[in-house]
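All remarks here apply to the structure that follows.
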Amino acid sequence: MEVTKEFKSGFVSIIGRPNVGKSTLLNQILGQKIAITANKPQTTRNRILGIHTTKDAQVLFLDTPGIHKATGKLNKYMVDQALSACRGVDAVLFLVEATDRVGGGDDYILDLLAQSELPIYLVINKVDLVAKDKLLPLIQAYSERFKFQEIIPAAAATGEGVERITSLVTQCLPTGPMYYPEDMVTDLPERFIVAEMIREQILHRIHQEVPYGVAVQVETFEERPGKNLIAIQAVIFVGRDAHKRILVGKGGSMIRTLGQESRREIEAFLGTRVFLELFIKVKKNWMDSDRMLSEFGYE
Ligand SMILES: Nc1nc2c(ncn2[C@@H]2O[C@H](COP(=O)(O)OP(=O)(O)O)[C@@H](O)[C@H]2O)c(=O)[nH]1
Ligand SMILES: [Mg+2]
């Protein structure tokens, strides 16, 4: 790629309360799904790097877990991931929902942001869910609450306003090198994204508290040469026996569905056929064990 002389680059973190659409926005910016999304809080557990490269700039977006008042070790880890993603970056995209009133859980985040001197871009997401005449008063109210660099209405799910977000944040980046190869979209290993796609199916299909106590690990990932096939074995860890029974389902029906749906997503992501085997193991209360948290990559 021919790049411009004034090439810009830098980090932009995407923060906000759980469920406002941060991961959906990242996927839409990249035009590719690397972050899982669900209509549930605490879907994203780690910081996720998405790389957006054009001939003018390379923007390194950091998707983060939602910021909320956390209890429990796993939740505290997640919030810490989000807050630390605001240090050493060049700008912050702060997401709220158009359907929310100003304040509430966002005040806490704004008070934290006020202590930094970073440019903060407010994205009012999910504008597809509100009448257009509700938008101006909302923008007005937010602009009185905080000195944002810009206020951008958007709908991450449909793509509305998303190009504008990228071009506005690019303007505030310093000139700098291309840190990653131009065709690279993330630094996450394929194994991690595969495990996340399995967890996403669990979030979509199983309710109550079960998904919050699930961790997924890919144990084997083998390309079968000459066959255009990847064989994957993954383990779903749960904290309780009862959760295992729910995941297995009647006569194994739930685990079968989870396997089929995950395989479909993983095949689309990897661009090959996939042979997927899922196993379920109980690790009692792993979410409160430092050792297990770090084994699952939450440290
Ligand atoms: N209607 C609507 N739903 C959205 C939009 N953006 C995200 N969502 C939905 O909101 C839910 C949470 O999205 P997600 O990206 O996982 O939120 P996160 O927790 O902030 O990362 C999912 O069900 C998304 O499909 C949007 O612009 N409009
Ligand atoms: Mg998310």
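The chains in the structure tokens are called A, B, ... from first to last as shown; in each chain the residues are counted from 1, and the ligands are counted from 1 in the order shown.
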
Just the residues within 12 Å of His204 of chain A, please, counting only C-alpha atoms, with nothing from its chain fewer than 5 positions along; format it as a PDB file with N, CA and C atoms, in the first residue's frame.
ATOM      1  N   ILE A  36     -16.762 -11.104  20.257  1.00  0.00           N
ATOM      2  CA  ILE A  36     -18.093 -11.671  20.376  1.00  0.00           C
ATOM      3  C   ILE A  36     -19.036 -10.649  21.001  1.00  0.00           C
ATOM      4  N   THR A  37     -20.320 -10.765  20.665  1.00  0.00           N
ATOM      5  CA  THR A  37     -21.319  -9.829  21.166  1.00  0.00           C
ATOM      6  C   THR A  37     -22.525 -10.627  21.652  1.00  0.00           C
ATOM      7  N   ALA A  38     -23.250 -10.063  22.597  1.00  0.00           N
ATOM      8  CA  ALA A  38     -24.471 -10.721  23.067  1.00  0.00           C
ATOM      9  C   ALA A  38     -25.298  -9.709  23.819  1.00  0.00           C
ATOM     10  N   ASN A  39     -26.582  -9.989  23.870  1.00  0.00           N
ATOM     11  CA  ASN A  39     -27.487  -9.104  24.567  1.00  0.00           C
ATOM     12  C   ASN A  39     -27.428  -9.380  26.073  1.00  0.00           C
ATOM     13  N   LYS A  40     -26.235  -9.429  26.611  1.00  0.00           N
ATOM     14  CA  LYS A  40     -26.029  -9.710  28.035  1.00  0.00           C
ATOM     15  C   LYS A  40     -24.810  -8.933  28.495  1.00  0.00           C
ATOM     16  N   PRO A  41     -24.826  -8.508  29.757  1.00  0.00           N
ATOM     17  CA  PRO A  41     -23.618  -7.848  30.248  1.00  0.00           C
ATOM     18  C   PRO A  41     -22.460  -8.833  30.361  1.00  0.00           C
ATOM     19  N   THR A  43     -20.097  -9.847  28.406  1.00  0.00           N
ATOM     20  CA  THR A  43     -19.763 -10.741  27.298  1.00  0.00           C
ATOM     21  C   THR A  43     -18.258 -10.675  27.026  1.00  0.00           C
ATOM     22  N   MET A 197     -15.895 -17.781  20.332  1.00  0.00           N
ATOM     23  CA  MET A 197     -17.090 -18.057  19.532  1.00  0.00           C
ATOM     24  C   MET A 197     -17.943 -19.159  20.156  1.00  0.00           C
ATOM     25  N   ILE A 198     -17.309 -20.087  20.836  1.00  0.00           N
ATOM     26  CA  ILE A 198     -18.053 -21.131  21.553  1.00  0.00           C
ATOM     27  C   ILE A 198     -18.758 -20.494  22.762  1.00  0.00           C
ATOM     28  N   ARG A 199     -18.025 -19.630  23.466  1.00  0.00           N
ATOM     29  CA  ARG A 199     -18.632 -18.950  24.618  1.00  0.00           C
ATOM     30  C   ARG A 199     -19.816 -18.083  24.167  1.00  0.00           C
ATOM     31  N   VAL A 210     -25.678 -19.164  34.243  1.00  0.00           N
ATOM     32  CA  VAL A 210     -24.722 -20.145  33.708  1.00  0.00           C
ATOM     33  C   VAL A 210     -23.580 -19.536  32.877  1.00  0.00           C
ATOM     34  N   PRO A 211     -23.886 -18.662  31.880  1.00  0.00           N
ATOM     35  CA  PRO A 211     -22.797 -18.174  31.015  1.00  0.00           C
ATOM     36  C   PRO A 211     -21.724 -17.390  31.765  1.00  0.00           C
ATOM     37  N   TYR A 212     -22.105 -16.781  32.901  1.00  0.00           N
ATOM     38  CA  TYR A 212     -21.129 -15.964  33.633  1.00  0.00           C
ATOM     39  C   TYR A 212     -20.101 -16.823  34.352  1.00  0.00           C
ATOM     40  N   THR A 257     -26.373 -28.825  19.853  1.00  0.00           N
ATOM     41  CA  THR A 257     -26.699 -27.555  19.193  1.00  0.00           C
ATOM     42  C   THR A 257     -25.540 -26.565  19.330  1.00  0.00           C
ATOM     43  N   LEU A 258     -24.974 -26.494  20.537  1.00  0.00           N
ATOM     44  CA  LEU A 258     -23.848 -25.579  20.747  1.00  0.00           C
ATOM     45  C   LEU A 258     -22.704 -25.928  19.794  1.00  0.00           C
ATOM     46  N   GLU A 261     -23.714 -24.933  16.043  1.00  0.00           N
ATOM     47  CA  GLU A 261     -23.737 -23.490  15.793  1.00  0.00           C
ATOM     48  C   GLU A 261     -22.332 -22.890  15.906  1.00  0.00           C
ATOM     49  N   SER A 262     -21.552 -23.355  16.877  1.00  0.00           N
ATOM     50  CA  SER A 262     -20.187 -22.838  17.010  1.00  0.00           C
ATOM     51  C   SER A 262     -19.376 -23.201  15.770  1.00  0.00           C
TER      52      SER A 262
END

Nearby polymer residues, ligand 2, at most 10 Å, only C-alpha atoms and all ligand atoms, as a count of residues only:
31

Which of segment 48-209 of chain A end up as strand (DSSP E) when DSSP is run on this backbone - answer as a PyMOL selection string?
chain A and resi 48-53+57-63+91-97+120-125+150-153

Spatial neighbours of segment 183-190 of chain A, 8 Å, only C-alpha atoms, chain gap at least 3 places, as a VMD selection string:
chain A and resid 30 34 48 to 53 180 193 to 194

Give the answer as one residue: which of A:Gln201, A:Asn125, A:Gln115, A:Ser84 has the shortest atom-to-atom distance to Ile255 of chain A, using only C-alpha atoms?
A:Gln201

According to DSSP computed on the backbone, where in segment 137-205 of chain A is there helix (DSSP H, G or I)? Give the residues as a PyMOL selection string.
chain A and resi 137-145+162-171+190-205

Output the selection as a compact mmCIF listing (two decimals), in the first residue's frame - N, CA and C atoms for each residue.
# COMPACT_ATOMS: atom_id res chain seq x y z
N PRO A 137 -32.18 16.85 22.14
CA PRO A 137 -32.14 17.12 23.58
C PRO A 137 -31.11 16.26 24.31
N LEU A 138 -30.92 15.04 23.83
CA LEU A 138 -29.95 14.15 24.45
C LEU A 138 -28.52 14.68 24.25
N ILE A 139 -28.23 15.08 23.01
CA ILE A 139 -26.91 15.64 22.70
C ILE A 139 -26.67 16.89 23.55
N GLN A 140 -27.70 17.70 23.65
CA GLN A 140 -27.64 18.91 24.47
C GLN A 140 -27.28 18.58 25.93
N ALA A 141 -27.98 17.59 26.47
CA ALA A 141 -27.77 17.22 27.87
C ALA A 141 -26.35 16.69 28.09
N TYR A 142 -25.86 15.89 27.18
CA TYR A 142 -24.50 15.36 27.33
C TYR A 142 -23.46 16.47 27.20
N SER A 143 -23.71 17.42 26.30
CA SER A 143 -22.70 18.46 26.12
C SER A 143 -22.62 19.36 27.35
N GLU A 144 -23.72 19.43 28.10
CA GLU A 144 -23.68 20.21 29.34
C GLU A 144 -22.98 19.44 30.46
N ARG A 145 -22.99 18.13 30.36
CA ARG A 145 -22.43 17.29 31.43
C ARG A 145 -20.91 17.21 31.37
N VAL A 162 -20.67 5.07 11.66
CA VAL A 162 -19.43 4.39 12.05
C VAL A 162 -18.20 4.93 11.31
N GLU A 163 -18.37 5.23 10.02
CA GLU A 163 -17.23 5.80 9.28
C GLU A 163 -16.83 7.15 9.86
N ARG A 164 -17.83 7.90 10.29
CA ARG A 164 -17.56 9.21 10.86
C ARG A 164 -16.74 9.07 12.16
N ILE A 165 -17.04 8.05 12.93
CA ILE A 165 -16.29 7.82 14.17
C ILE A 165 -14.82 7.61 13.84
N THR A 166 -14.55 6.72 12.89
CA THR A 166 -13.16 6.42 12.55
C THR A 166 -12.46 7.66 12.02
N SER A 167 -13.13 8.41 11.16
CA SER A 167 -12.41 9.54 10.58
C SER A 167 -12.19 10.65 11.60
N LEU A 168 -13.13 10.83 12.54
CA LEU A 168 -12.93 11.85 13.57
C LEU A 168 -11.79 11.49 14.52
N VAL A 169 -11.76 10.24 14.97
CA VAL A 169 -10.67 9.90 15.91
C VAL A 169 -9.31 9.90 15.22
N THR A 170 -9.30 9.59 13.93
CA THR A 170 -8.03 9.60 13.21
C THR A 170 -7.40 10.99 13.25
N GLN A 171 -8.25 12.00 13.16
CA GLN A 171 -7.73 13.38 13.13
C GLN A 171 -6.92 13.74 14.37
N GLU A 190 -5.82 -17.20 16.77
CA GLU A 190 -7.04 -17.84 16.27
C GLU A 190 -7.69 -18.69 17.35
N ARG A 191 -6.89 -19.39 18.13
CA ARG A 191 -7.42 -20.24 19.20
C ARG A 191 -8.29 -19.46 20.18
N PHE A 192 -7.85 -18.25 20.50
CA PHE A 192 -8.61 -17.42 21.43
C PHE A 192 -9.97 -17.07 20.83
N ILE A 193 -9.97 -16.65 19.56
CA ILE A 193 -11.23 -16.24 18.93
C ILE A 193 -12.17 -17.44 18.79
N VAL A 194 -11.61 -18.61 18.49
CA VAL A 194 -12.42 -19.83 18.40
C VAL A 194 -13.09 -20.11 19.76
N ALA A 195 -12.32 -20.03 20.83
CA ALA A 195 -12.87 -20.28 22.17
C ALA A 195 -13.97 -19.27 22.49
N GLU A 196 -13.74 -18.02 22.09
CA GLU A 196 -14.74 -16.98 22.33
C GLU A 196 -16.02 -17.26 21.55
N MET A 197 -15.89 -17.78 20.33
CA MET A 197 -17.09 -18.06 19.53
C MET A 197 -17.94 -19.16 20.16
N ILE A 198 -17.31 -20.09 20.84
CA ILE A 198 -18.05 -21.13 21.55
C ILE A 198 -18.76 -20.49 22.76
N ARG A 199 -18.02 -19.63 23.47
CA ARG A 199 -18.63 -18.95 24.62
C ARG A 199 -19.82 -18.08 24.17
N GLU A 200 -19.68 -17.49 22.98
CA GLU A 200 -20.78 -16.65 22.46
C GLU A 200 -22.04 -17.47 22.26
N GLN A 201 -21.93 -18.68 21.72
CA GLN A 201 -23.11 -19.52 21.53
C GLN A 201 -23.76 -19.84 22.87
N ILE A 202 -22.92 -20.04 23.89
CA ILE A 202 -23.47 -20.32 25.23
C ILE A 202 -24.23 -19.09 25.74
N LEU A 203 -23.64 -17.90 25.53
CA LEU A 203 -24.32 -16.67 25.95
C LEU A 203 -25.65 -16.49 25.22
N HIS A 204 -25.69 -16.88 23.95
CA HIS A 204 -26.92 -16.68 23.18
C HIS A 204 -28.01 -17.68 23.54
N ARG A 205 -27.61 -18.88 23.97
CA ARG A 205 -28.59 -19.95 24.12
C ARG A 205 -28.95 -20.29 25.56

Rounded to one decimal in Å, what is the spacing between atom CA of Asp290 of chain A and atom CA of Arg87 of chain A?
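Between atom CA of Asp290 of chain A and atom CA of Arg87 of chain A the gap is 24.5 Å.
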
Give me the residues near Val130 of chain A as number ranges by chain, where near means some atom within 8 Å (using only C-alpha atoms) and where sequence neighbours in that chain fewer than 4 positions away do not count.
A: 98-99, 126, 134-135

Nearest candidate to ligand 1 (options A:Ala157, A:Ala242, A:Leu110, A:Leu60; using only C-alpha atoms and all ligand atoms):
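That would be A:Ala157, the residue with the smallest distance to ligand 1.
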
One decimal, in Å: what's the spacing between atom 21 (O, counted along the ligand's line) of ligand 1 and atom CA of Glu117 of chain A?
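Interatomic distance, atom 21 (O, counted along the ligand's line) of ligand 1 to atom CA of Glu117 of chain A: 24.6 Å.
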
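Near Lys5 of chain A, within 12 Å and counting only C-alpha atoms, sit Lys55, Asp56, Ala57, Thr175, Gly176, Pro177 and Met178 of chain A; same-chain residues fewer than 4 positions away were not included.
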
Just the selected residues (C-alpha atoms), exported as a PDB file, in the first residue's frame, please.
ATOM      1  CA  LYS A  55      -3.377   4.736   3.449  1.00  0.00           C
ATOM      2  CA  ASP A  56      -3.527   7.682   5.891  1.00  0.00           C
ATOM      3  CA  ALA A  57      -3.517   6.033   9.274  1.00  0.00           C
ATOM      4  CA  THR A 175       1.982  11.192  13.108  1.00  0.00           C
ATOM      5  CA  GLY A 176       3.534   7.808  13.597  1.00  0.00           C
ATOM      6  CA  PRO A 177       4.563   4.520  12.023  1.00  0.00           C
ATOM      7  CA  MET A 178       2.495   1.590  10.868  1.00  0.00           C
TER       8      MET A 178
END

Can you measure atom CA of Glu277 of chain A to atom CA of Gln233 of chain A for me? One decimal in Å is fine.
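Atom CA of Glu277 of chain A sits 4.8 Å away from atom CA of Gln233 of chain A.
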
With distances taken over only C-alpha atoms and all ligand atoms, which residue among A:Asp241, A:Asp288, A:Glu160, A:Glu267 lies nearest ligand 1?
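Of A:Asp241, A:Asp288, A:Glu160, A:Glu267, the one nearest ligand 1 is A:Glu160, counting only C-alpha atoms and all ligand atoms.
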
Using only C-alpha atoms, determine which residues lie at most 9 Å from Arg264 of chain A, disregarding the query and same-chain residues fewer than 5 positions distant; provide the list as number ranges by chain.
A: 259, 269, 273-274

Excluding same-chain residues fewer than 4 positions from Ala114 of chain A, what lies within 10 Å of it counting only C-alpha atoms, as a list in words?
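Residues meeting the cut-off are Ile109, Leu110, Leu118, Ile120, Phe146 and Lys147 of chain A.
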
File of the preceding selection, C-alpha atoms, as an mmCIF file, in the first residue's frame:
data_model
loop_
_atom_site.group_PDB
_atom_site.id
_atom_site.type_symbol
_atom_site.label_atom_id
_atom_site.label_comp_id
_atom_site.auth_asym_id
_atom_site.auth_seq_id
_atom_site.Cartn_x
_atom_site.Cartn_y
_atom_site.Cartn_z
ATOM 1 C CA ILE A 109 -16.992 6.740 34.293
ATOM 2 C CA LEU A 110 -17.134 10.431 33.388
ATOM 3 C CA LEU A 118 -7.389 12.767 26.748
ATOM 4 C CA ILE A 120 -13.035 11.951 24.784
ATOM 5 C CA PHE A 146 -18.880 17.029 30.003
ATOM 6 C CA LYS A 147 -16.549 18.724 27.560
#

Using only C-alpha atoms and all ligand atoms, can you tell me which of A:Gly161, A:Gly239, A:Gly271, A:Gly72 comes closest to ligand 1?
A:Gly161

Best match for closeness to ligand 1 among A:Ala82, A:Ile151, A:Leu113, A:Val218, counting only C-alpha atoms and all ligand atoms:
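Answer, going by the shortest atom-to-atom distance: A:Ala82.
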